[in-house]
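Asker: Quick one, data30.cif (mmCIF, N, CA and C atoms):
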data_run
loop_
_atom_site.label_atom_id
_atom_site.label_comp_id
_atom_site.auth_asym_id
_atom_site.auth_seq_id
_atom_site.Cartn_x
_atom_site.Cartn_y
_atom_site.Cartn_z
N HIS A 1 0.82 -1.20 0.00
CA HIS A 1 0.00 0.00 0.00
C HIS A 1 0.87 1.27 0.00
N SER A 2 1.97 1.23 0.72
CA SER A 2 2.83 2.41 0.81
C SER A 2 3.56 2.66 -0.51
N SER A 3 3.83 1.60 -1.30
CA SER A 3 4.49 1.81 -2.60
C SER A 3 3.55 2.51 -3.57
N LYS A 4 2.24 2.21 -3.49
CA LYS A 4 1.27 2.91 -4.33
C LYS A 4 1.21 4.38 -3.94
N MET A 5 1.22 4.63 -2.65
CA MET A 5 1.17 6.01 -2.16
C MET A 5 2.43 6.77 -2.57
N ALA A 6 3.58 6.10 -2.53
CA ALA A 6 4.84 6.73 -2.93
C ALA A 6 4.80 7.11 -4.41
N LYS A 7 4.20 6.23 -5.23
CA LYS A 7 4.08 6.54 -6.67
C LYS A 7 3.15 7.72 -6.90
N VAL A 8 2.07 7.78 -6.14
CA VAL A 8 1.14 8.90 -6.27
C VAL A 8 1.82 10.20 -5.87
N VAL A 9 2.56 10.16 -4.78
CA VAL A 9 3.28 11.36 -4.31
C VAL A 9 4.33 11.78 -5.35
N GLU A 10 5.02 10.80 -5.95
CA GLU A 10 6.02 11.09 -6.99
C GLU A 10 5.35 11.75 -8.21
N LYS A 11 4.21 11.21 -8.64
CA LYS A 11 3.49 11.77 -9.79
C LYS A 11 3.01 13.19 -9.50
N LEU A 12 2.47 13.40 -8.30
CA LEU A 12 2.02 14.74 -7.93
C LEU A 12 3.18 15.72 -7.87
N GLY A 13 4.33 15.26 -7.37
CA GLY A 13 5.52 16.10 -7.34
C GLY A 13 5.98 16.48 -8.73
N ARG A 14 5.97 15.50 -9.65
CA ARG A 14 6.36 15.78 -11.04
C ARG A 14 5.35 16.74 -11.69
N PHE A 15 4.07 16.53 -11.41
CA PHE A 15 3.04 17.42 -11.95
C PHE A 15 3.26 18.85 -11.45
N GLY A 16 3.56 19.01 -10.17
CA GLY A 16 3.84 20.34 -9.62
C GLY A 16 5.05 20.97 -10.27
N LEU A 17 6.10 20.18 -10.52
CA LEU A 17 7.30 20.68 -11.19
C LEU A 17 6.98 21.14 -12.61
N ILE A 18 6.20 20.35 -13.33
CA ILE A 18 5.81 20.70 -14.70
C ILE A 18 5.01 22.00 -14.71
N ILE A 19 4.07 22.15 -13.79
CA ILE A 19 3.28 23.39 -13.70
C ILE A 19 4.20 24.57 -13.41
N LYS A 20 5.12 24.39 -12.48
CA LYS A 20 6.06 25.46 -12.11
C LYS A 20 6.94 25.86 -13.30
N GLU A 21 7.50 24.86 -14.01
CA GLU A 21 8.41 25.14 -15.12
C GLU A 21 7.69 25.73 -16.34
N ASN A 22 6.39 25.58 -16.41
CA ASN A 22 5.63 26.15 -17.52
C ASN A 22 5.00 27.49 -17.15
N GLY A 23 5.43 28.10 -16.06
CA GLY A 23 4.98 29.45 -15.72
C GLY A 23 3.76 29.49 -14.83
N GLY A 24 3.58 28.49 -13.99
CA GLY A 24 2.43 28.47 -13.10
C GLY A 24 1.18 27.98 -13.83
N ILE A 25 0.04 28.19 -13.20
CA ILE A 25 -1.21 27.68 -13.77
C ILE A 25 -1.55 28.39 -15.07
N LEU A 26 -1.47 29.72 -15.10
CA LEU A 26 -1.81 30.45 -16.34
C LEU A 26 -0.83 30.14 -17.46
N GLY A 27 0.46 30.09 -17.14
CA GLY A 27 1.46 29.74 -18.15
C GLY A 27 1.26 28.33 -18.69
N SER A 28 0.86 27.42 -17.81
CA SER A 28 0.61 26.04 -18.23
C SER A 28 -0.61 25.95 -19.14
N VAL A 29 -1.64 26.72 -18.83
CA VAL A 29 -2.83 26.75 -19.70
C VAL A 29 -2.45 27.29 -21.07
N LYS A 30 -1.64 28.35 -21.10
CA LYS A 30 -1.19 28.93 -22.37
C LYS A 30 -0.37 27.91 -23.16
N THR A 31 0.56 27.23 -22.49
CA THR A 31 1.38 26.22 -23.15
C THR A 31 0.51 25.08 -23.68
N LEU A 32 -0.44 24.63 -22.89
CA LEU A 32 -1.36 23.58 -23.35
C LEU A 32 -2.14 24.03 -24.57
N PHE A 33 -2.59 25.28 -24.57
CA PHE A 33 -3.36 25.81 -25.69
C PHE A 33 -2.51 25.86 -26.96
N ARG A 34 -1.23 26.25 -26.82
CA ARG A 34 -0.35 26.38 -27.98
C ARG A 34 0.19 25.04 -28.47
N THR A 35 0.53 24.12 -27.54
CA THR A 35 1.27 22.92 -27.94
C THR A 35 0.56 21.60 -27.65
N ASP A 36 -0.55 21.63 -26.93
CA ASP A 36 -1.31 20.42 -26.58
C ASP A 36 -0.58 19.49 -25.63
N GLU A 37 0.49 19.94 -24.99
CA GLU A 37 1.17 19.10 -24.00
C GLU A 37 1.99 19.95 -23.05
N LEU A 38 2.25 19.41 -21.88
CA LEU A 38 3.12 20.04 -20.89
C LEU A 38 4.30 19.12 -20.65
N LYS A 39 5.50 19.67 -20.69
CA LYS A 39 6.71 18.88 -20.47
C LYS A 39 7.61 19.61 -19.48
N THR A 40 8.50 18.88 -18.91
CA THR A 40 9.54 19.45 -18.07
C THR A 40 10.88 19.01 -18.64
N GLY A 41 11.85 19.91 -18.63
CA GLY A 41 13.16 19.57 -19.17
C GLY A 41 14.18 20.65 -18.92
N THR A 42 15.39 20.38 -19.33
CA THR A 42 16.51 21.31 -19.17
C THR A 42 16.60 22.18 -20.41
N LEU A 43 16.69 23.49 -20.21
CA LEU A 43 16.88 24.41 -21.33
C LEU A 43 18.30 24.21 -21.85
N ILE A 44 18.42 23.84 -23.12
CA ILE A 44 19.71 23.59 -23.74
C ILE A 44 20.23 24.85 -24.41
N GLY A 45 19.34 25.62 -25.01
CA GLY A 45 19.77 26.84 -25.69
C GLY A 45 18.62 27.56 -26.33
N GLU A 46 18.95 28.70 -26.93
CA GLU A 46 17.97 29.55 -27.59
C GLU A 46 18.59 30.05 -28.89
N ASP A 47 17.81 30.08 -29.97
CA ASP A 47 18.33 30.60 -31.22
C ASP A 47 18.05 32.10 -31.33
N LYS A 48 18.53 32.71 -32.42
CA LYS A 48 18.40 34.16 -32.56
C LYS A 48 16.95 34.61 -32.82
N PHE A 49 16.06 33.66 -33.07
CA PHE A 49 14.65 33.99 -33.29
C PHE A 49 13.83 33.91 -32.01
N GLY A 50 14.47 33.46 -30.92
CA GLY A 50 13.77 33.37 -29.64
C GLY A 50 13.19 32.00 -29.34
N ASN A 51 13.41 31.02 -30.23
CA ASN A 51 12.96 29.66 -29.98
C ASN A 51 13.85 29.03 -28.90
N LYS A 52 13.24 28.29 -27.97
CA LYS A 52 14.00 27.67 -26.89
C LYS A 52 13.97 26.16 -27.06
N TYR A 53 15.12 25.54 -26.81
CA TYR A 53 15.30 24.11 -27.04
C TYR A 53 15.54 23.40 -25.71
N TYR A 54 14.80 22.30 -25.50
CA TYR A 54 14.82 21.59 -24.23
C TYR A 54 15.16 20.12 -24.43
N HIS A 55 15.63 19.51 -23.35
CA HIS A 55 15.95 18.08 -23.37
C HIS A 55 15.59 17.48 -22.02
N ASN A 56 15.02 16.29 -22.06
CA ASN A 56 14.75 15.52 -20.86
C ASN A 56 14.87 14.05 -21.22
N PRO A 57 15.96 13.39 -20.79
CA PRO A 57 16.16 11.98 -21.14
C PRO A 57 15.15 11.03 -20.49
N MET A 58 14.31 11.54 -19.58
CA MET A 58 13.27 10.71 -18.98
C MET A 58 12.25 10.28 -20.05
N TYR A 59 12.02 11.16 -21.06
CA TYR A 59 11.12 10.82 -22.16
C TYR A 59 11.86 9.92 -23.14
N PHE A 60 11.12 9.09 -23.89
CA PHE A 60 11.78 8.19 -24.82
C PHE A 60 12.33 8.95 -26.03
N MET A 61 13.31 8.33 -26.71
CA MET A 61 13.96 8.96 -27.85
C MET A 61 12.93 9.31 -28.92
N GLY A 62 13.08 10.47 -29.47
CA GLY A 62 12.11 10.98 -30.43
C GLY A 62 11.17 11.98 -29.78
N ARG A 63 11.10 11.95 -28.45
CA ARG A 63 10.27 12.89 -27.69
C ARG A 63 11.07 13.61 -26.61
N SER A 64 12.35 13.26 -26.48
CA SER A 64 13.14 13.80 -25.38
C SER A 64 13.77 15.16 -25.70
N ARG A 65 13.71 15.59 -26.93
CA ARG A 65 14.19 16.92 -27.33
C ARG A 65 13.04 17.64 -28.00
N TRP A 66 12.86 18.90 -27.66
CA TRP A 66 11.76 19.66 -28.26
C TRP A 66 12.07 21.13 -28.28
N VAL A 67 11.29 21.84 -29.07
CA VAL A 67 11.43 23.29 -29.20
C VAL A 67 10.14 23.95 -28.71
N VAL A 68 10.31 25.06 -28.02
CA VAL A 68 9.18 25.91 -27.66
C VAL A 68 9.36 27.16 -28.52
N TYR A 69 8.48 27.34 -29.48
CA TYR A 69 8.61 28.44 -30.43
C TYR A 69 8.40 29.78 -29.73
N SER A 70 9.08 30.77 -30.25
CA SER A 70 9.00 32.12 -29.71
C SER A 70 7.58 32.65 -29.77
N ASP A 71 7.24 33.51 -28.83
CA ASP A 71 5.91 34.12 -28.81
C ASP A 71 5.64 35.00 -30.03
N ILE A 72 6.70 35.41 -30.75
CA ILE A 72 6.48 36.24 -31.94
C ILE A 72 5.69 35.50 -33.01
N TYR A 73 5.73 34.16 -32.98
CA TYR A 73 4.99 33.36 -33.95
C TYR A 73 3.55 33.11 -33.53
N GLY A 74 3.22 33.35 -32.27
CA GLY A 74 1.87 33.10 -31.79
C GLY A 74 1.50 31.64 -32.00
N HIS A 75 0.35 31.40 -32.62
CA HIS A 75 -0.09 30.03 -32.90
C HIS A 75 0.25 29.61 -34.32
N ASP A 76 0.97 30.47 -35.04
CA ASP A 76 1.28 30.23 -36.44
C ASP A 76 2.74 29.78 -36.58
N TYR A 77 3.12 28.74 -35.87
CA TYR A 77 4.50 28.25 -35.93
C TYR A 77 4.55 26.95 -36.73
N ASP A 78 5.72 26.68 -37.30
CA ASP A 78 5.92 25.41 -38.00
C ASP A 78 7.41 25.05 -37.99
N GLY A 79 7.72 23.86 -38.42
CA GLY A 79 9.08 23.35 -38.35
C GLY A 79 10.10 24.13 -39.15
N SER A 80 9.67 24.88 -40.17
CA SER A 80 10.63 25.64 -40.97
C SER A 80 11.19 26.84 -40.21
N GLN A 81 10.66 27.11 -39.04
CA GLN A 81 11.17 28.22 -38.23
C GLN A 81 12.32 27.78 -37.32
N VAL A 82 12.76 26.54 -37.47
CA VAL A 82 13.92 26.03 -36.72
C VAL A 82 15.13 26.09 -37.65
N PRO A 83 16.18 26.84 -37.26
CA PRO A 83 17.38 26.91 -38.10
C PRO A 83 18.07 25.55 -38.23
N ALA A 84 18.84 25.37 -39.29
CA ALA A 84 19.49 24.09 -39.60
C ALA A 84 20.37 23.59 -38.46
N GLU A 85 21.10 24.50 -37.82
CA GLU A 85 22.00 24.05 -36.75
C GLU A 85 21.24 23.44 -35.56
N TRP A 86 20.03 23.94 -35.31
CA TRP A 86 19.22 23.35 -34.24
C TRP A 86 18.44 22.15 -34.74
N HIS A 87 18.10 22.12 -36.02
CA HIS A 87 17.40 20.98 -36.59
C HIS A 87 18.23 19.71 -36.44
N ARG A 88 19.54 19.82 -36.63
CA ARG A 88 20.41 18.64 -36.51
C ARG A 88 20.38 18.08 -35.09
N TRP A 89 20.28 18.97 -34.10
CA TRP A 89 20.21 18.50 -32.71
C TRP A 89 18.83 17.93 -32.40
N LEU A 90 17.76 18.63 -32.82
CA LEU A 90 16.39 18.16 -32.55
C LEU A 90 16.13 16.79 -33.18
N SER A 91 16.73 16.53 -34.34
CA SER A 91 16.49 15.30 -35.09
C SER A 91 17.46 14.18 -34.72
N TYR A 92 18.25 14.38 -33.67
CA TYR A 92 19.20 13.38 -33.19
C TYR A 92 20.28 13.05 -34.20
N VAL A 93 20.59 13.99 -35.10
CA VAL A 93 21.70 13.80 -36.02
C VAL A 93 23.00 13.93 -35.22
N ALA A 94 22.99 14.83 -34.24
CA ALA A 94 24.15 15.05 -33.38
C ALA A 94 23.69 15.22 -31.94
N ASP A 95 24.56 14.87 -31.02
CA ASP A 95 24.21 15.00 -29.61
C ASP A 95 24.59 16.35 -29.02
N GLU A 96 25.53 17.03 -29.64
CA GLU A 96 25.95 18.32 -29.10
C GLU A 96 25.12 19.45 -29.72
N PRO A 97 24.66 20.39 -28.89
CA PRO A 97 23.92 21.54 -29.41
C PRO A 97 24.85 22.47 -30.19
N PRO A 98 24.31 23.37 -31.00
CA PRO A 98 25.13 24.23 -31.86
C PRO A 98 26.23 25.00 -31.12
N ALA A 99 25.98 25.44 -29.90
CA ALA A 99 26.99 26.22 -29.18
C ALA A 99 28.25 25.40 -28.91
N LYS A 100 28.10 24.09 -28.75
CA LYS A 100 29.24 23.22 -28.45
C LYS A 100 29.78 22.51 -29.69
N ALA A 101 29.08 22.59 -30.82
CA ALA A 101 29.39 21.76 -31.99
C ALA A 101 30.52 22.30 -32.86
N LYS A 102 30.88 23.55 -32.75
CA LYS A 102 31.90 24.15 -33.61
C LYS A 102 31.56 23.94 -35.09
N LEU A 103 30.36 24.40 -35.47
CA LEU A 103 29.89 24.23 -36.84
C LEU A 103 30.63 25.20 -37.77
N PRO A 104 30.93 24.77 -38.99
CA PRO A 104 31.64 25.66 -39.92
C PRO A 104 30.75 26.82 -40.36
N GLN A 105 31.34 27.99 -40.46
CA GLN A 105 30.64 29.18 -40.96
C GLN A 105 31.43 29.75 -42.12
N SER A 106 30.77 29.94 -43.24
CA SER A 106 31.41 30.53 -44.42
C SER A 106 30.67 31.80 -44.80
N LYS A 107 31.37 32.70 -45.51
CA LYS A 107 30.76 33.97 -45.92
C LYS A 107 29.55 33.76 -46.82
N TRP A 108 29.62 32.73 -47.63
CA TRP A 108 28.57 32.52 -48.63
C TRP A 108 27.29 31.92 -48.04
N MET A 109 27.33 31.49 -46.79
CA MET A 109 26.15 30.86 -46.17
C MET A 109 25.10 31.92 -45.85
N ALA A 110 23.89 31.70 -46.31
CA ALA A 110 22.80 32.64 -46.07
C ALA A 110 22.20 32.41 -44.69
N ASP A 111 21.64 33.48 -44.11
CA ASP A 111 20.93 33.35 -42.84
C ASP A 111 19.66 32.52 -43.06
N HIS A 112 19.23 31.86 -42.00
CA HIS A 112 18.02 31.04 -42.07
C HIS A 112 16.79 31.91 -42.27
N THR A 113 15.91 31.48 -43.15
CA THR A 113 14.61 32.14 -43.32
C THR A 113 13.53 31.06 -43.31
N PRO A 114 12.42 31.32 -42.61
CA PRO A 114 11.34 30.33 -42.58
C PRO A 114 10.65 30.21 -43.94
N ASN A 115 9.99 29.11 -44.16
CA ASN A 115 9.22 28.88 -45.38
C ASN A 115 7.99 29.80 -45.37
N THR A 116 7.80 30.55 -46.43
CA THR A 116 6.69 31.51 -46.48
C THR A 116 5.53 31.03 -47.36
N THR A 117 5.51 29.77 -47.70
CA THR A 117 4.41 29.22 -48.49
C THR A 117 3.09 29.45 -47.75
N ALA A 118 2.05 29.80 -48.48
CA ALA A 118 0.70 30.04 -47.95
C ALA A 118 0.62 31.27 -47.06
N THR A 119 1.55 32.20 -47.27
CA THR A 119 1.47 33.49 -46.58
C THR A 119 1.44 34.58 -47.64
N SER A 120 1.26 35.81 -47.21
CA SER A 120 1.25 36.92 -48.17
C SER A 120 2.64 37.17 -48.75
N ASP A 121 3.69 36.61 -48.16
CA ASP A 121 5.06 36.80 -48.64
C ASP A 121 5.53 35.66 -49.55
N GLU A 122 4.64 34.72 -49.89
CA GLU A 122 5.07 33.57 -50.68
C GLU A 122 5.52 33.99 -52.08
N TYR A 123 6.40 33.19 -52.66
CA TYR A 123 6.85 33.41 -54.03
C TYR A 123 5.82 32.84 -54.98
N VAL A 124 5.36 33.65 -55.92
CA VAL A 124 4.38 33.20 -56.91
C VAL A 124 4.99 33.47 -58.29
N PRO A 125 5.35 32.41 -59.01
CA PRO A 125 5.93 32.61 -60.33
C PRO A 125 4.86 33.08 -61.33
N TYR A 126 5.29 33.77 -62.34
CA TYR A 126 4.35 34.18 -63.38
C TYR A 126 4.96 33.83 -64.72
N SER A 127 4.11 33.63 -65.69
CA SER A 127 4.55 33.23 -67.02
C SER A 127 4.88 34.45 -67.85
N THR A 128 5.92 34.33 -68.66
CA THR A 128 6.28 35.43 -69.58
C THR A 128 5.90 35.08 -71.02
N THR A 129 5.24 33.93 -71.21
CA THR A 129 4.81 33.53 -72.55
C THR A 129 3.29 33.54 -72.63
N ARG A 130 2.79 33.70 -73.86
CA ARG A 130 1.34 33.66 -74.07
C ARG A 130 0.83 32.26 -73.82
N PRO A 131 -0.35 32.12 -73.24
CA PRO A 131 -0.90 30.78 -73.05
C PRO A 131 -1.23 30.14 -74.40
N LYS A 132 -1.07 28.83 -74.49
CA LYS A 132 -1.35 28.10 -75.72
C LYS A 132 -2.84 27.91 -75.92
N VAL A 133 -3.59 27.96 -74.85
CA VAL A 133 -5.03 27.78 -74.92
C VAL A 133 -5.67 29.04 -74.33
N GLU A 134 -6.59 29.61 -75.07
CA GLU A 134 -7.29 30.80 -74.60
C GLU A 134 -8.54 30.36 -73.83
N ALA A 135 -8.79 30.94 -72.69
CA ALA A 135 -9.98 30.61 -71.91
C ALA A 135 -11.21 31.16 -72.63
N TRP A 136 -12.30 30.42 -72.60
CA TRP A 136 -13.55 30.82 -73.25
C TRP A 136 -14.22 31.89 -72.42
N LYS A 137 -14.65 32.95 -73.07
CA LYS A 137 -15.38 34.02 -72.40
C LYS A 137 -16.73 34.14 -73.08
N PRO A 138 -17.81 33.77 -72.42
CA PRO A 138 -19.14 33.84 -73.04
C PRO A 138 -19.58 35.28 -73.28
N ASN A 139 -20.40 35.46 -74.32
CA ASN A 139 -20.98 36.79 -74.56
C ASN A 139 -22.00 37.09 -73.48
N ARG A 140 -21.99 38.28 -73.01
CA ARG A 140 -22.98 38.67 -71.98
C ARG A 140 -23.89 39.73 -72.59
N ASN A 141 -24.94 39.29 -73.21
CA ASN A 141 -25.89 40.22 -73.86
C ASN A 141 -27.09 40.45 -72.99
#
Write the structure described by the file as structure tokens, please.
Answerer:
Amino acid sequence: HSSKMAKVVEKLGRFGLIIKENGGILGSVKTLFRTDELKTGTLIGEDKFGNKYYHNPMYFMGRSRWVVYSDIYGHDYDGSQVPAEWHRWLSYVADEPPAKAKLPQSKWMADHTPNTTATSDEYVPYSTTRPKVEAWKPNRN
């Protein structure tokens, strides 16, 4: 009976820690609304866009590393907002985060930009040739 009680106390303690690490009750509700889950972990680093990266080996591989997107994205965040150097860590390509990895930097390397598909900034190509088929336009008398 005492082992069951110990497990309940341990779960309640972990729940309290998760609530605390997510900014209290209101912060936890906000996090739940944005991400559909509450986690606890160690802050590993932050990128120049304000995204924060966490790790907790208690979770199984594939779920033990995660990103909390910056508030500047609101609810409109997606995976393309993670820079390549952090993507390699999140995807378990490497165990060391970018600050410790000594990644090569060259002048020709462009800064990371998120994918703008389906936004007002998306690239829309246009044709410079006449269409081969003319659309039918009915007479309106």
Asker: Find the distance between CA of Phe60 (chain A) and atom N of Ala94 (chain A) and write it in Å to one decimal.
Answerer: 16.1 Å
Asker: For the atom pair CA of Tyr92 (chain A) and atom N of Asp71 (chain A), what is the interatomic distance in Å to one decimal place?
Answerer: 23.8 Å
Asker: Write down as a ChimeraX atom specification the residues of region 89-139 of chain A whose backbone DSSP state falls under alpha helix (DSSP H).
Answerer: /A:89-90,98-101
Asker: Give me, as a ChimeraX atom specification, the residues of region 20-58 of chain A that a backbone DSSP run labels strand (DSSP E or B).
Answerer: /A:42-46,52-55
Asker: The selected residues should be written to file as an mmCIF file, in the frame of the given file (atoms: N, CA and C atoms).
Answerer:
data_model
loop_
_atom_site.group_PDB
_atom_site.id
_atom_site.type_symbol
_atom_site.label_atom_id
_atom_site.label_comp_id
_atom_site.auth_asym_id
_atom_site.auth_seq_id
_atom_site.Cartn_x
_atom_site.Cartn_y
_atom_site.Cartn_z
ATOM 1 N N THR A 42 15.390 20.380 -19.330
ATOM 2 C CA THR A 42 16.510 21.310 -19.170
ATOM 3 C C THR A 42 16.600 22.180 -20.410
ATOM 4 N N LEU A 43 16.690 23.490 -20.210
ATOM 5 C CA LEU A 43 16.880 24.410 -21.330
ATOM 6 C C LEU A 43 18.300 24.210 -21.850
ATOM 7 N N ILE A 44 18.420 23.840 -23.120
ATOM 8 C CA ILE A 44 19.710 23.590 -23.740
ATOM 9 C C ILE A 44 20.230 24.850 -24.410
ATOM 10 N N GLY A 45 19.340 25.620 -25.010
ATOM 11 C CA GLY A 45 19.770 26.840 -25.690
ATOM 12 C C GLY A 45 18.620 27.560 -26.330
ATOM 13 N N GLU A 46 18.950 28.700 -26.930
ATOM 14 C CA GLU A 46 17.970 29.550 -27.590
ATOM 15 C C GLU A 46 18.590 30.050 -28.890
ATOM 16 N N LYS A 52 13.240 28.290 -27.970
ATOM 17 C CA LYS A 52 14.000 27.670 -26.890
ATOM 18 C C LYS A 52 13.970 26.160 -27.060
ATOM 19 N N TYR A 53 15.120 25.540 -26.810
ATOM 20 C CA TYR A 53 15.300 24.110 -27.040
ATOM 21 C C TYR A 53 15.540 23.400 -25.710
ATOM 22 N N TYR A 54 14.800 22.300 -25.500
ATOM 23 C CA TYR A 54 14.820 21.590 -24.230
ATOM 24 C C TYR A 54 15.160 20.120 -24.430
ATOM 25 N N HIS A 55 15.630 19.510 -23.350
ATOM 26 C CA HIS A 55 15.950 18.080 -23.370
ATOM 27 C C HIS A 55 15.590 17.480 -22.020
#
Asker: Interatomic distance between CA of Thr119 (chain A) and CA of Arg88 (chain A)?
Answerer: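 According to the coordinates, CA of Thr119 (chain A) and CA of Arg88 (chain A) are separated by 26.1 Å.
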Asker: Near region 14-21 of chain A, within 12 Å and counting only C-alpha atoms, which residues show up once chain neighbours fewer than 3 positions away are dropped, as a list in words?
Answerer: Lys7, Val8, Val9, Glu10, Lys11, Gly24, Ile25, Leu26, Gly27, Ser28, Val29, Lys30, Thr31, Leu32, Glu37, Leu38, Lys39, Thr40, Gly41, Thr42, Leu43, Tyr54 and Met58 of chain A
